[in-house]
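This is start30.tsv. It holds TSV, C-alpha atoms and all ligand atoms.
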chain	number	residue	atom	x	y	z
A	1	MET	CA	-20.18	-15.88	-3.73
A	2	GLN	CA	-18.15	-12.96	-5.17
A	3	GLU	CA	-15.09	-14.81	-3.95
A	4	GLN	CA	-16.08	-17.98	-5.81
A	5	ILE	CA	-16.80	-16.05	-9.00
A	6	ILE	CA	-13.45	-14.32	-8.89
A	7	ASN	CA	-11.62	-17.60	-8.28
A	8	PHE	CA	-13.53	-19.20	-11.15
A	9	LEU	CA	-12.54	-16.31	-13.46
A	10	LYS	CA	-8.92	-16.55	-12.32
A	11	ARG	CA	-8.70	-20.25	-13.06
A	12	SER	CA	-10.35	-20.07	-16.47
A	13	LYS	CA	-8.30	-19.45	-19.56
A	14	GLY	CA	-10.01	-16.85	-21.75
A	15	TYR	CA	-13.67	-15.89	-21.52
A	16	LEU	CA	-16.22	-17.57	-19.29
A	17	SER	CA	-19.78	-17.49	-20.54
A	18	GLY	CA	-22.55	-16.29	-18.25
A	19	GLU	CA	-24.21	-19.64	-18.84
A	20	GLU	CA	-21.19	-21.57	-17.60
A	21	ILE	CA	-20.91	-19.45	-14.47
A	22	SER	CA	-24.64	-19.70	-13.90
A	23	ARG	CA	-24.59	-23.51	-14.23
A	24	SER	CA	-21.50	-24.14	-12.11
A	25	MET	CA	-22.53	-21.82	-9.32
A	26	ASN	CA	-26.22	-22.30	-9.46
A	27	ILE	CA	-27.10	-18.62	-9.71
A	28	SER	CA	-29.25	-16.73	-12.20
A	29	ARG	CA	-27.77	-14.62	-15.00
A	30	ALA	CA	-29.20	-11.54	-13.27
A	31	GLY	CA	-27.43	-12.64	-10.08
A	32	ILE	CA	-24.13	-12.91	-11.93
A	33	TRP	CA	-24.55	-9.42	-13.32
A	34	LYS	CA	-25.19	-8.06	-9.81
A	35	TYR	CA	-22.07	-9.79	-8.42
A	36	MET	CA	-19.94	-8.55	-11.32
A	37	GLN	CA	-21.03	-4.99	-10.57
A	38	GLU	CA	-20.07	-5.44	-6.91
A	39	LEU	CA	-16.68	-6.87	-7.85
A	40	ARG	CA	-16.05	-3.90	-10.14
A	41	LYS	CA	-16.86	-1.60	-7.23
A	42	ASP	CA	-14.15	-3.44	-5.24
A	43	GLY	CA	-11.68	-2.55	-8.00
A	44	TYR	CA	-11.72	-5.72	-10.15
A	45	GLU	CA	-11.58	-4.95	-13.84
A	46	ILE	CA	-13.88	-7.42	-15.58
A	47	GLU	CA	-14.50	-7.30	-19.29
A	48	ALA	CA	-17.92	-8.40	-20.57
A	49	VAL	CA	-18.21	-9.22	-24.29
A	50	PRO	CA	-21.55	-10.20	-25.83
A	51	HIS	CA	-21.63	-13.87	-26.95
A	52	LEU	CA	-18.24	-14.55	-25.34
A	53	GLY	CA	-18.77	-13.83	-21.69
A	54	TYR	CA	-16.61	-12.45	-18.90
A	55	GLN	CA	-12.87	-12.13	-18.52
A	56	LEU	CA	-10.84	-10.89	-15.56
A	57	VAL	CA	-8.51	-8.13	-16.72
A	58	SER	CA	-6.94	-6.98	-13.46
A	59	VAL	CA	-7.27	-7.32	-9.72
A	60	PRO	CA	-7.18	-4.36	-7.30
A	61	ASP	CA	-4.03	-3.57	-5.36
A	62	LYS	CA	-5.68	-4.41	-2.06
A	63	LEU	CA	-4.82	-6.96	0.61
A	64	LEU	CA	-8.27	-8.57	0.38
A	65	ALA	CA	-8.68	-11.82	2.29
A	66	HIS	CA	-9.53	-13.97	-0.73
A	67	GLU	CA	-6.67	-12.49	-2.77
A	68	ILE	CA	-4.23	-13.49	-0.04
A	69	GLN	CA	-5.83	-16.92	0.34
A	70	PHE	CA	-5.93	-17.69	-3.39
A	71	ASP	CA	-3.38	-20.48	-4.05
A	72	LEU	CA	-1.76	-19.74	-0.68
A	73	LYS	CA	-1.41	-23.43	0.18
A	74	THR	CA	-0.61	-23.05	3.87
A	75	LYS	CA	-2.32	-25.02	6.61
A	76	ILE	CA	-2.19	-22.58	9.52
A	77	PHE	CA	-0.87	-19.16	8.51
A	78	GLY	CA	-3.64	-17.24	6.75
A	79	CYS	CA	-6.34	-19.82	7.57
A	80	ARG	CA	-8.35	-16.75	8.50
A	81	VAL	CA	-7.58	-13.30	7.11
A	82	VAL	CA	-9.36	-10.23	8.46
A	83	TYR	CA	-9.15	-7.22	6.15
A	84	HIS	CA	-9.79	-3.59	6.98
A	85	GLU	CA	-9.26	-0.54	4.83
A	86	THR	CA	-8.27	1.51	7.94
A	87	LEU	CA	-7.45	0.47	11.49
A	88	SER	CA	-5.87	2.33	14.38
A	89	SER	CA	-3.39	-0.58	14.62
A	90	THR	CA	-3.58	-4.17	13.37
A	91	MET	CA	-2.09	-5.11	16.78
A	92	ASP	CA	-5.19	-3.92	18.65
A	93	GLU	CA	-7.55	-5.75	16.30
A	94	ALA	CA	-5.46	-8.94	16.52
A	95	PHE	CA	-5.44	-8.73	20.33
A	96	LYS	CA	-9.21	-8.37	20.33
A	97	LEU	CA	-9.57	-11.42	18.09
A	98	GLY	CA	-7.02	-13.34	20.16
A	99	MET	CA	-9.06	-12.70	23.30
A	100	GLU	CA	-12.15	-13.94	21.47
A	101	GLY	CA	-10.36	-17.20	20.70
A	102	ALA	CA	-9.32	-16.65	17.06
A	103	PRO	CA	-7.29	-19.62	15.82
A	104	GLU	CA	-3.53	-19.69	15.45
A	105	GLY	CA	-2.49	-18.29	12.08
A	106	THR	CA	-5.25	-15.65	11.96
A	107	VAL	CA	-3.96	-12.61	10.08
A	108	VAL	CA	-5.19	-9.03	10.39
A	109	CYS	CA	-4.31	-6.67	7.51
A	110	ALA	CA	-4.98	-3.00	6.95
A	111	GLU	CA	-4.31	-0.69	4.02
A	112	THR	CA	-3.42	2.06	6.45
A	113	GLN	CA	-3.15	2.56	10.23
A	114	THR	CA	-3.95	5.77	12.06
A	115	LYS	CA	-1.94	4.75	15.14
A	116	GLY	CA	0.58	2.22	13.80
A	117	ARG	CA	3.06	1.51	16.59
A	118	GLY	CA	6.64	0.38	16.67
A	119	ARG	CA	8.87	-0.89	19.44
A	120	LEU	CA	9.41	1.25	22.51
A	121	GLY	CA	6.30	3.33	21.90
A	122	ARG	CA	7.52	4.69	18.57
A	123	GLU	CA	5.16	5.50	15.75
A	124	TRP	CA	5.00	3.35	12.59
A	125	ALA	CA	4.17	5.40	9.51
A	126	SER	CA	1.55	3.54	7.47
A	127	PRO	CA	0.81	5.34	4.18
A	128	LYS	CA	-2.25	3.89	2.45
A	129	HIS	CA	-1.72	1.09	-0.11
A	130	LYS	CA	2.07	1.51	0.01
A	131	GLY	CA	3.23	-0.97	2.61
A	132	VAL	CA	2.24	-4.19	4.29
A	133	TYR	CA	0.81	-3.74	7.78
A	134	LEU	CA	-0.27	-6.98	9.34
A	135	SER	CA	-0.48	-8.90	12.59
A	136	ILE	CA	-0.45	-12.67	13.02
A	137	ILE	CA	-1.89	-14.52	16.01
A	138	LEU	CA	0.22	-17.41	17.33
A	139	ARG	CA	-0.60	-19.85	20.10
A	140	PRO	CA	2.81	-21.40	20.74
A	141	LYS	CA	3.34	-24.19	23.22
A	142	LEU	CA	6.36	-22.43	24.70
A	143	PRO	CA	6.97	-20.80	28.07
A	144	PRO	CA	7.13	-16.96	27.96
A	145	THR	CA	10.89	-17.20	28.57
A	146	GLU	CA	11.24	-18.52	25.02
A	147	LEU	CA	9.56	-15.58	23.34
A	148	ALA	CA	12.89	-14.49	21.85
A	149	LYS	CA	12.79	-17.57	19.62
A	150	LEU	CA	9.67	-16.24	17.93
A	151	THR	CA	11.22	-12.82	17.59
A	152	LEU	CA	14.23	-14.16	15.70
A	153	LEU	CA	12.10	-16.56	13.67
A	154	SER	CA	9.89	-13.66	12.53
A	155	ALA	CA	12.86	-11.69	11.26
A	156	VAL	CA	14.19	-14.69	9.35
A	157	ALA	CA	10.77	-15.51	7.87
A	158	VAL	CA	10.19	-11.95	6.63
A	159	ALA	CA	13.76	-11.62	5.27
A	160	GLU	CA	13.41	-14.89	3.36
A	161	ALA	CA	10.06	-13.86	1.91
A	162	VAL	CA	11.39	-10.46	0.85
A	163	GLU	CA	14.34	-12.08	-0.89
A	164	LYS	CA	12.18	-14.64	-2.67
A	165	VAL	CA	9.72	-12.07	-4.03
A	166	SER	CA	12.12	-9.23	-4.85
A	167	GLY	CA	15.68	-10.54	-4.83
A	168	VAL	CA	16.51	-7.85	-2.23
A	169	LYS	CA	18.72	-9.23	0.52
A	170	ALA	CA	17.93	-7.69	3.88
A	171	HIS	CA	20.18	-7.83	6.92
A	172	ILE	CA	18.87	-8.22	10.45
A	173	LYS	CA	19.64	-5.81	13.23
A	174	TRP	CA	19.12	-7.60	16.54
A	175	PRO	CA	16.57	-8.62	17.36
A	176	ASN	CA	14.38	-8.17	14.31
A	177	ASP	CA	14.78	-5.01	12.26
A	178	LEU	CA	15.32	-5.60	8.55
A	179	LEU	CA	17.85	-3.27	7.00
A	180	VAL	CA	19.06	-2.74	3.47
A	181	LYS	CA	22.23	-0.69	3.15
A	182	ASN	CA	21.73	0.56	6.69
A	183	LYS	CA	18.20	1.78	6.02
A	184	LYS	CA	15.14	0.27	7.62
A	185	LEU	CA	13.00	-1.84	5.31
A	186	ALA	CA	10.79	-3.57	7.87
A	187	GLY	CA	10.07	-3.64	11.57
A	188	ILE	CA	8.56	-6.40	13.65
A	189	LEU	CA	6.74	-6.06	16.94
A	190	THR	CA	6.13	-9.02	19.24
A	191	GLU	CA	3.49	-8.64	21.93
A	192	LEU	CA	2.00	-11.33	24.11
A	193	ARG	CA	-0.74	-12.25	26.48
A	194	ALA	CA	0.65	-14.62	29.05
A	195	GLU	CA	-0.29	-16.31	32.29
A	196	VAL	CA	2.38	-17.24	34.84
A	197	ASP	CA	4.24	-19.89	32.85
A	198	GLN	CA	2.26	-20.12	29.64
A	199	MET	CA	1.73	-17.87	26.65
A	200	LYS	CA	-2.00	-17.54	25.92
A	201	PHE	CA	-1.24	-16.03	22.55
A	202	VAL	CA	1.37	-13.95	20.82
A	203	VAL	CA	0.78	-11.28	18.21
A	204	ILE	CA	3.53	-10.70	15.68
A	205	GLY	CA	3.15	-7.32	13.93
A	206	ILE	CA	4.96	-6.76	10.67
A	207	GLY	CA	5.41	-3.41	8.96
A	208	LEU	CA	7.16	-3.59	5.60
A	209	ASN	CA	7.74	-0.72	3.20
A	210	VAL	CA	6.89	-2.07	-0.24
A	211	ASN	CA	5.88	0.46	-2.90
A	212	ASN	CA	6.77	3.71	-1.13
A	213	THR	CA	8.64	6.30	-3.16
A	214	ALA	CA	11.40	8.34	-1.48
A	215	THR	CA	8.99	11.07	-0.41
A	216	GLN	CA	6.65	8.48	1.14
A	217	LEU	CA	9.32	7.22	3.54
A	218	VAL	CA	10.46	8.55	6.88
A	219	ASP	CA	14.13	9.46	7.39
A	220	GLY	CA	16.42	6.45	7.50
A	221	ALA	CA	13.88	4.12	5.86
A	222	THR	CA	13.79	2.38	2.50
A	223	SER	CA	11.29	0.31	0.52
A	224	LEU	CA	11.42	-2.63	-1.86
A	225	ARG	CA	10.55	-0.26	-4.67
A	226	GLN	CA	13.49	1.99	-3.81
A	227	GLU	CA	15.87	-0.95	-3.65
A	228	ALA	CA	14.70	-2.98	-6.64
A	229	GLY	CA	13.47	-0.13	-8.85
A	230	LYS	CA	10.04	-1.61	-9.46
A	231	VAL	CA	6.59	-1.96	-7.97
A	232	PHE	CA	5.59	-5.23	-6.28
A	233	SER	CA	2.30	-7.01	-5.69
A	234	ARG	CA	1.72	-6.59	-1.96
A	235	VAL	CA	-0.52	-9.66	-2.03
A	236	GLU	CA	2.40	-11.77	-3.26
A	237	VAL	CA	4.62	-10.32	-0.56
A	238	VAL	CA	2.08	-11.23	2.13
A	239	GLN	CA	1.58	-14.73	0.73
A	240	GLU	CA	5.30	-15.39	0.77
A	241	ILE	CA	5.61	-14.07	4.33
A	242	LEU	CA	2.88	-16.48	5.45
A	243	ARG	CA	4.48	-19.41	3.64
A	244	SER	CA	7.90	-18.82	5.09
A	245	PHE	CA	6.45	-18.32	8.59
A	246	GLU	CA	4.61	-21.61	8.28
A	247	ARG	CA	7.76	-23.47	7.17
A	248	ARG	CA	9.90	-22.10	9.98
A	249	TYR	CA	7.23	-22.28	12.69
A	250	ALA	CA	6.29	-25.88	11.96
A	251	HIS	CA	9.86	-26.90	12.79
A	252	LEU	CA	10.41	-24.86	15.91
A	253	ASP	CA	11.78	-27.81	17.85
A	254	GLU	CA	15.44	-28.00	18.97
A	255	GLN	CA	16.82	-28.58	15.50
A	256	GLY	CA	14.40	-26.07	13.98
A	257	PHE	CA	15.60	-23.28	16.24
A	258	GLU	CA	19.22	-24.14	15.45
A	259	ASP	CA	18.31	-23.64	11.79
A	260	VAL	CA	16.58	-20.32	12.55
A	261	MET	CA	19.69	-19.14	14.44
A	262	GLY	CA	21.90	-20.18	11.54
A	263	ALA	CA	19.75	-18.28	9.06
A	264	TRP	CA	19.62	-15.28	11.41
A	265	LYS	CA	23.42	-15.19	11.85
A	266	GLU	CA	23.94	-15.50	8.13
A	267	ARG	CA	21.94	-12.25	7.71
A	268	SER	CA	23.16	-10.54	10.86
A	269	HIS	CA	23.92	-6.86	10.75
A	270	THR	CA	24.84	-6.79	14.44
A	271	LEU	CA	27.31	-9.56	15.32
A	272	GLY	CA	30.91	-8.42	15.46
A	273	LYS	CA	29.89	-4.77	15.72
A	274	ARG	CA	30.28	-2.38	18.61
A	275	VAL	CA	26.84	-1.69	20.05
A	276	LYS	CA	25.08	0.34	22.69
A	277	ILE	CA	21.99	-1.30	24.12
A	278	THR	CA	19.40	0.53	26.14
A	279	ASP	CA	16.78	-1.28	28.20
A	280	PRO	CA	14.97	-0.54	31.47
A	281	ALA	CA	18.04	-1.79	33.39
A	282	GLY	CA	20.25	0.88	31.81
A	283	ILE	CA	22.79	1.25	29.02
A	284	VAL	CA	25.40	-1.33	28.06
A	285	GLU	CA	28.18	-0.83	25.55
A	286	GLY	CA	30.46	-3.43	24.02
A	287	VAL	CA	30.99	-5.81	21.12
A	288	ALA	CA	28.07	-8.01	20.03
A	289	LEU	CA	29.71	-11.44	20.20
A	290	ASP	CA	27.08	-14.03	19.41
A	291	LEU	CA	23.53	-15.26	19.93
A	292	ASP	CA	22.98	-17.44	22.97
A	293	HIS	CA	21.08	-20.73	22.62
A	294	ASP	CA	17.80	-18.99	23.51
A	295	GLY	CA	18.19	-16.06	21.11
A	296	GLY	CA	19.65	-13.60	23.63
A	297	LEU	CA	22.48	-11.32	22.49
A	298	LEU	CA	25.90	-11.81	24.14
A	299	ILE	CA	27.90	-8.61	24.53
A	300	ARG	CA	31.52	-8.33	25.66
A	301	GLN	CA	31.97	-5.12	27.61
A	302	ASP	CA	35.31	-3.30	27.61
A	303	SER	CA	36.00	-4.76	31.07
A	304	GLY	CA	35.94	-8.21	29.45
A	305	VAL	CA	32.72	-9.17	31.21
A	306	ILE	CA	30.18	-10.84	28.94
A	307	ILE	CA	26.53	-10.07	29.54
A	308	LYS	CA	23.36	-11.24	27.88
A	309	LYS	CA	20.40	-9.14	26.75
A	310	MET	CA	17.02	-10.60	25.82
A	311	ALA	CA	15.52	-7.32	24.59
A	312	GLY	CA	16.47	-3.70	24.16
A	313	ASP	CA	17.12	-0.94	21.69
A	314	VAL	CA	20.40	-1.38	19.79
A	315	VAL	CA	22.49	1.40	18.36
A	316	GLN	CA	25.43	0.22	16.27
A	317	LEU	CA	28.43	2.38	16.96
A	318	ARG	CA	30.78	1.38	14.18
B	1	LIG	C1	9.48	-1.54	14.96
B	1	LIG	O1	10.40	-1.64	14.17
B	1	LIG	O2	9.54	-0.71	15.88
B	1	LIG	C2	8.28	-2.44	14.84
B	1	LIG	C3	7.29	-1.91	13.83
B	1	LIG	C4	6.04	-2.77	13.70
B	1	LIG	C5	5.00	-2.14	12.80
B	1	LIG	C6	3.86	-3.06	12.52
B	1	LIG	S1	2.79	-2.48	11.26
B	1	LIG	C7	1.65	-3.73	11.61
B	1	LIG	C8	1.59	-3.83	13.12
B	1	LIG	N1	0.66	-2.86	13.64
B	1	LIG	C9	1.27	-1.94	14.37
B	1	LIG	O3	0.70	-0.97	14.93
B	1	LIG	N2	2.59	-2.18	14.43
B	1	LIG	C10	2.94	-3.37	13.69
What is this file in structure tokens?
Ligand code: BTN
Amino acid sequence: MQEQIINFLKRSKGYLSGEEISRSMNISRAGIWKYMQELRKDGYEIEAVPHLGYQLVSVPDKLLAHEIQFDLKTKIFGCRVVYHETLSSTMDEAFKLGMEGAPEGTVVCAETQTKGRGRLGREWASPKHKGVYLSIILRPKLPPTELAKLTLLSAVAVAEAVEKVSGVKAHIKWPNDLLVKNKKLAGILTELRAEVDQMKFVVIGIGLNVNNTATQLVDGATSLRQEAGKVFSRVEVVQEILRSFERRYAHLDEQGFEDVMGAWKERSHTLGKRVKITDPAGIVEGVALDLDHDGGLLIRQDSGVIIKKMAGDVVQLR
């Protein structure tokens, strides 16, 4: 009900009388008062003027489900949004929901994480109300061998959303780190639950530094605020991420992946550079030549031999 009241206030121009709200929503005036008090507790600033009614002055800077879903206009991504003030990691909560059968496009958001994780067991710093920390559940009809497609698609979707909301152009370090002027703006983690030849579900975790000041960032990281010199609505950032994911994901057929690869290459921070890649098989050094058709990275070693890597930690040498 609070959700409906807030949407009603958002859509109305000027004041809304208690009588109008009461009639449209079929609740008593005392009920409205109670809901308004609860909304204020959630951080909504609502002005009440005798004889005029109620007006929404400001919304809280929180990634609340109904804020994200308001005017979102996607069909799958964000169909369900699960919000928590604090989680150990949105990945764990998304995995739990995935196991319980949560639908594709379910999003888990937190304002802070106590055990935010990055790739290769690294920690992901998650200062409260500063960044976007979310996980999305996907149920792709792809074999696990094509997971790299989703990894590249995620990087492209987040980079496009960032650019649309802030004008900041991020480059992609293979496979899916977003960098601005060599500093890390966002990281993406892809984890999956698979059975022999089928992915049961995939969880895409996105950590994006949005309103962090310099002192709220770890070494080598940047934020949208640092790059653009202003504060952004994290809700808008999340909405745009979900919209661009939906656009790209809906077309993940042959042609669609060609388009993703094109967009990825256009933003690449890796191709043409000398790289050192570490994975469980060892260390490989050489020049990053191109993406293969399945999203793997082709590297020409000094011996002239070209090898392909599907995952690994990349260090760019020069
Ligand atoms: C990386 O660059 O190493 C990937 C970082 C991924 C961080 C996000 S924040 C939301 C989600 N929950 C986590 O614990 N990790 C991912």
Go through A:Gly304, A:Gly116, A:Gly167, A:Pro144 one by one, measure the shortest atom-to-atom distance of each to ligand LIG 1 (chain B) using only C-alpha atoms and all ligand atoms, and give the residue with the smallest value.
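Using only C-alpha atoms and all ligand atoms, the shortest distance to ligand LIG 1 (chain B) belongs to A:Gly116.
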Near-ligand residues for ligand LIG 1 (chain B), threshold 6 Å, all atoms listed in the file, as a PyMOL selection string
chain A and resi 89-91+116-119+124+133-135+177+187-189+205-207
Find the distance between CA of Leu97 (chain A) and CA of Val237 (chain A) and write it in Å to one decimal.
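We find that CA of Leu97 (chain A) and CA of Val237 (chain A) lie 23.5 Å from each other.
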Around the point (-6.4, -18.2, 2.7), in the coordinates given by the file, pick out the residues reaching within 6 Å, counting all atoms listed in the file, and return them as an MDAnalysis selection string.
chainID A and resid 68:69 72 78:79
Could you save the residues just selected, with C-alpha atoms, as a tab-separated table (two decimals), in the frame of the given file?
chain	number	residue	atom	x	y	z
A	68	ILE	CA	-4.23	-13.49	-0.04
A	69	GLN	CA	-5.83	-16.92	0.34
A	72	LEU	CA	-1.76	-19.74	-0.68
A	78	GLY	CA	-3.64	-17.24	6.75
A	79	CYS	CA	-6.34	-19.82	7.57
Would you work out the distance separating CA of Lys41 (chain A) from CA of Val210 (chain A), expressed in Å to one decimal?
24.8 Å
Within 12 Å of Trp264 (chain A) using all atoms listed in the file, minus same-chain residues under 3 positions, as number ranges by chain:
A: 149-160, 170-178, 248, 257-261, 267-271, 290-291, 295
Selection as a list in words: residues within 7 Å of (11.8, 1.3, -2.3), counting all atoms listed in the file
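Neighbouring residues, ordered by chain and number, come to Val210, Asn211, Asn212, Thr213, Thr222, Ser223, Leu224, Arg225, Gln226, Glu227, Ala228 and Gly229 of chain A.
Among A:Val168, A:Ala30, A:Ile136, A:Leu142, the residue with the shortest atom-to-atom distance to Leu252 (chain A), counting all atoms listed in the file, is A:Leu142.
Across the model, the gap from CA of Leu16 (chain A) to CA of Val235 (chain A) is 24.6 Å.
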Taking all atoms listed in the file into account, name the residue in A:Val315, A:Ala194, A:Ile5, A:Ala263 that is nearest to Lys141 (chain A).
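Closest residue, counting all atoms listed in the file: A:Ala194.
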Can you list, as a list of chain:residue names, every protein, DNA or RNA residue that comes within 8 Å of region 44-48 of chain A when you count all atoms listed in the file, leaving out same-chain residues fewer than 6 positions away?
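Within the cut-off, the hits are A:Met36, A:Tyr54, A:Gln55, A:Leu56, A:Val57, A:Ser58, A:Val59, A:Pro60.
Using all atoms listed in the file, the smallest distance between any of A:Leu242, A:Glu123, A:Phe95, A:Leu217 and Ala161 (chain A) comes from A:Leu242.
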Arg243 (chain A): which residues within 8 Å, counting only C-alpha atoms, same-chain residues fewer than 6 positions away excluded, as an MDAnalysis selection string?
chainID A and resid 72:74 77
Pick out the closest residue to Thr106 (chain A) from this set: A:Ala214, A:Leu9, A:Ile137, A:Leu63. Count all atoms listed in the file.
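Nearest candidate to Thr106 (chain A) out of A:Ala214, A:Leu9, A:Ile137, A:Leu63: A:Ile137.
Nearest residue to Leu298 (chain A), choosing from A:Gly220, A:Pro50, A:Gly286, A:Gly101 and counting all atoms listed in the file: A:Gly286.
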Is there a way to complete region 298-317 of chain A with N, CA, C and O atoms and then write that out as a PDB file, in the coordinates of the input?
ATOM      1  N   LEU A 298      24.743 -11.845  23.230  1.00  0.00           N
ATOM      2  CA  LEU A 298      25.900 -11.810  24.140  1.00  0.00           C
ATOM      3  C   LEU A 298      26.799 -10.641  23.776  1.00  0.00           C
ATOM      4  O   LEU A 298      27.196 -10.499  22.610  1.00  0.00           O
ATOM      5  N   ILE A 299      27.081  -9.818  24.774  1.00  0.00           N
ATOM      6  CA  ILE A 299      27.900  -8.610  24.530  1.00  0.00           C
ATOM      7  C   ILE A 299      29.126  -8.643  25.434  1.00  0.00           C
ATOM      8  O   ILE A 299      29.003  -8.840  26.649  1.00  0.00           O
ATOM      9  N   ARG A 300      30.309  -8.428  24.837  1.00  0.00           N
ATOM     10  CA  ARG A 300      31.520  -8.330  25.660  1.00  0.00           C
ATOM     11  C   ARG A 300      31.806  -6.862  25.940  1.00  0.00           C
ATOM     12  O   ARG A 300      32.077  -6.079  25.022  1.00  0.00           O
ATOM     13  N   GLN A 301      31.699  -6.512  27.232  1.00  0.00           N
ATOM     14  CA  GLN A 301      31.970  -5.120  27.610  1.00  0.00           C
ATOM     15  C   GLN A 301      33.476  -4.878  27.615  1.00  0.00           C
ATOM     16  O   GLN A 301      34.264  -5.831  27.603  1.00  0.00           O
ATOM     17  N   ASP A 302      33.880  -3.621  27.660  1.00  0.00           N
ATOM     18  CA  ASP A 302      35.310  -3.300  27.610  1.00  0.00           C
ATOM     19  C   ASP A 302      36.067  -3.913  28.787  1.00  0.00           C
ATOM     20  O   ASP A 302      37.262  -4.199  28.697  1.00  0.00           O
ATOM     21  N   SER A 303      35.371  -4.134  29.900  1.00  0.00           N
ATOM     22  CA  SER A 303      36.000  -4.760  31.070  1.00  0.00           C
ATOM     23  C   SER A 303      36.293  -6.236  30.828  1.00  0.00           C
ATOM     24  O   SER A 303      36.952  -6.890  31.633  1.00  0.00           O
ATOM     25  N   GLY A 304      35.765  -6.788  29.725  1.00  0.00           N
ATOM     26  CA  GLY A 304      35.940  -8.210  29.450  1.00  0.00           C
ATOM     27  C   GLY A 304      34.748  -9.036  29.905  1.00  0.00           C
ATOM     28  O   GLY A 304      34.586 -10.197  29.518  1.00  0.00           O
ATOM     29  N   VAL A 305      33.895  -8.437  30.718  1.00  0.00           N
ATOM     30  CA  VAL A 305      32.720  -9.170  31.210  1.00  0.00           C
ATOM     31  C   VAL A 305      31.702  -9.349  30.080  1.00  0.00           C
ATOM     32  O   VAL A 305      31.430  -8.403  29.336  1.00  0.00           O
ATOM     33  N   ILE A 306      31.179 -10.577  29.982  1.00  0.00           N
ATOM     34  CA  ILE A 306      30.180 -10.840  28.940  1.00  0.00           C
ATOM     35  C   ILE A 306      28.790 -10.843  29.566  1.00  0.00           C
ATOM     36  O   ILE A 306      28.547 -11.532  30.566  1.00  0.00           O
ATOM     37  N   ILE A 307      27.891 -10.064  29.005  1.00  0.00           N
ATOM     38  CA  ILE A 307      26.530 -10.070  29.540  1.00  0.00           C
ATOM     39  C   ILE A 307      25.552 -10.431  28.416  1.00  0.00           C
ATOM     40  O   ILE A 307      25.881 -10.328  27.237  1.00  0.00           O
ATOM     41  N   LYS A 308      24.364 -10.830  28.870  1.00  0.00           N
ATOM     42  CA  LYS A 308      23.360 -11.240  27.880  1.00  0.00           C
ATOM     43  C   LYS A 308      22.141 -10.333  27.965  1.00  0.00           C
ATOM     44  O   LYS A 308      21.685 -10.002  29.051  1.00  0.00           O
ATOM     45  N   LYS A 309      21.628  -9.949  26.807  1.00  0.00           N
ATOM     46  CA  LYS A 309      20.400  -9.140  26.750  1.00  0.00           C
ATOM     47  C   LYS A 309      19.339  -9.911  25.987  1.00  0.00           C
ATOM     48  O   LYS A 309      19.623 -10.495  24.926  1.00  0.00           O
ATOM     49  N   MET A 310      18.116  -9.907  26.518  1.00  0.00           N
ATOM     50  CA  MET A 310      17.020 -10.600  25.820  1.00  0.00           C
ATOM     51  C   MET A 310      16.178  -9.615  25.003  1.00  0.00           C
ATOM     52  O   MET A 310      15.427 -10.010  24.117  1.00  0.00           O
ATOM     53  N   ALA A 311      16.273  -8.339  25.339  1.00  0.00           N
ATOM     54  CA  ALA A 311      15.520  -7.320  24.590  1.00  0.00           C
ATOM     55  C   ALA A 311      16.234  -6.004  24.783  1.00  0.00           C
ATOM     56  O   ALA A 311      17.120  -5.890  25.635  1.00  0.00           O
ATOM     57  N   GLY A 312      15.852  -5.007  23.997  1.00  0.00           N
ATOM     58  CA  GLY A 312      16.470  -3.700  24.160  1.00  0.00           C
ATOM     59  C   GLY A 312      16.588  -3.009  22.814  1.00  0.00           C
ATOM     60  O   GLY A 312      16.348  -3.599  21.763  1.00  0.00           O
ATOM     61  N   ASP A 313      16.992  -1.740  22.904  1.00  0.00           N
ATOM     62  CA  ASP A 313      17.120  -0.940  21.690  1.00  0.00           C
ATOM     63  C   ASP A 313      18.623  -0.875  21.358  1.00  0.00           C
ATOM     64  O   ASP A 313      19.429  -0.440  22.171  1.00  0.00           O
ATOM     65  N   VAL A 314      18.973  -1.315  20.163  1.00  0.00           N
ATOM     66  CA  VAL A 314      20.400  -1.380  19.790  1.00  0.00           C
ATOM     67  C   VAL A 314      20.794  -0.204  18.908  1.00  0.00           C
ATOM     68  O   VAL A 314      20.122   0.079  17.914  1.00  0.00           O
ATOM     69  N   VAL A 315      21.886   0.419  19.266  1.00  0.00           N
ATOM     70  CA  VAL A 315      22.490   1.400  18.360  1.00  0.00           C
ATOM     71  C   VAL A 315      23.861   0.830  17.996  1.00  0.00           C
ATOM     72  O   VAL A 315      24.624   0.434  18.885  1.00  0.00           O
ATOM     73  N   GLN A 316      24.126   0.741  16.699  1.00  0.00           N
ATOM     74  CA  GLN A 316      25.430   0.220  16.270  1.00  0.00           C
ATOM     75  C   GLN A 316      26.401   1.392  16.166  1.00  0.00           C
ATOM     76  O   GLN A 316      26.123   2.381  15.518  1.00  0.00           O
ATOM     77  N   LEU A 317      27.534   1.241  16.845  1.00  0.00           N
ATOM     78  CA  LEU A 317      28.430   2.380  16.960  1.00  0.00           C
ATOM     79  C   LEU A 317      29.403   2.469  15.797  1.00  0.00           C
ATOM     80  O   LEU A 317      29.705   3.533  15.308  1.00  0.00           O
TER      81      LEU A 317
END
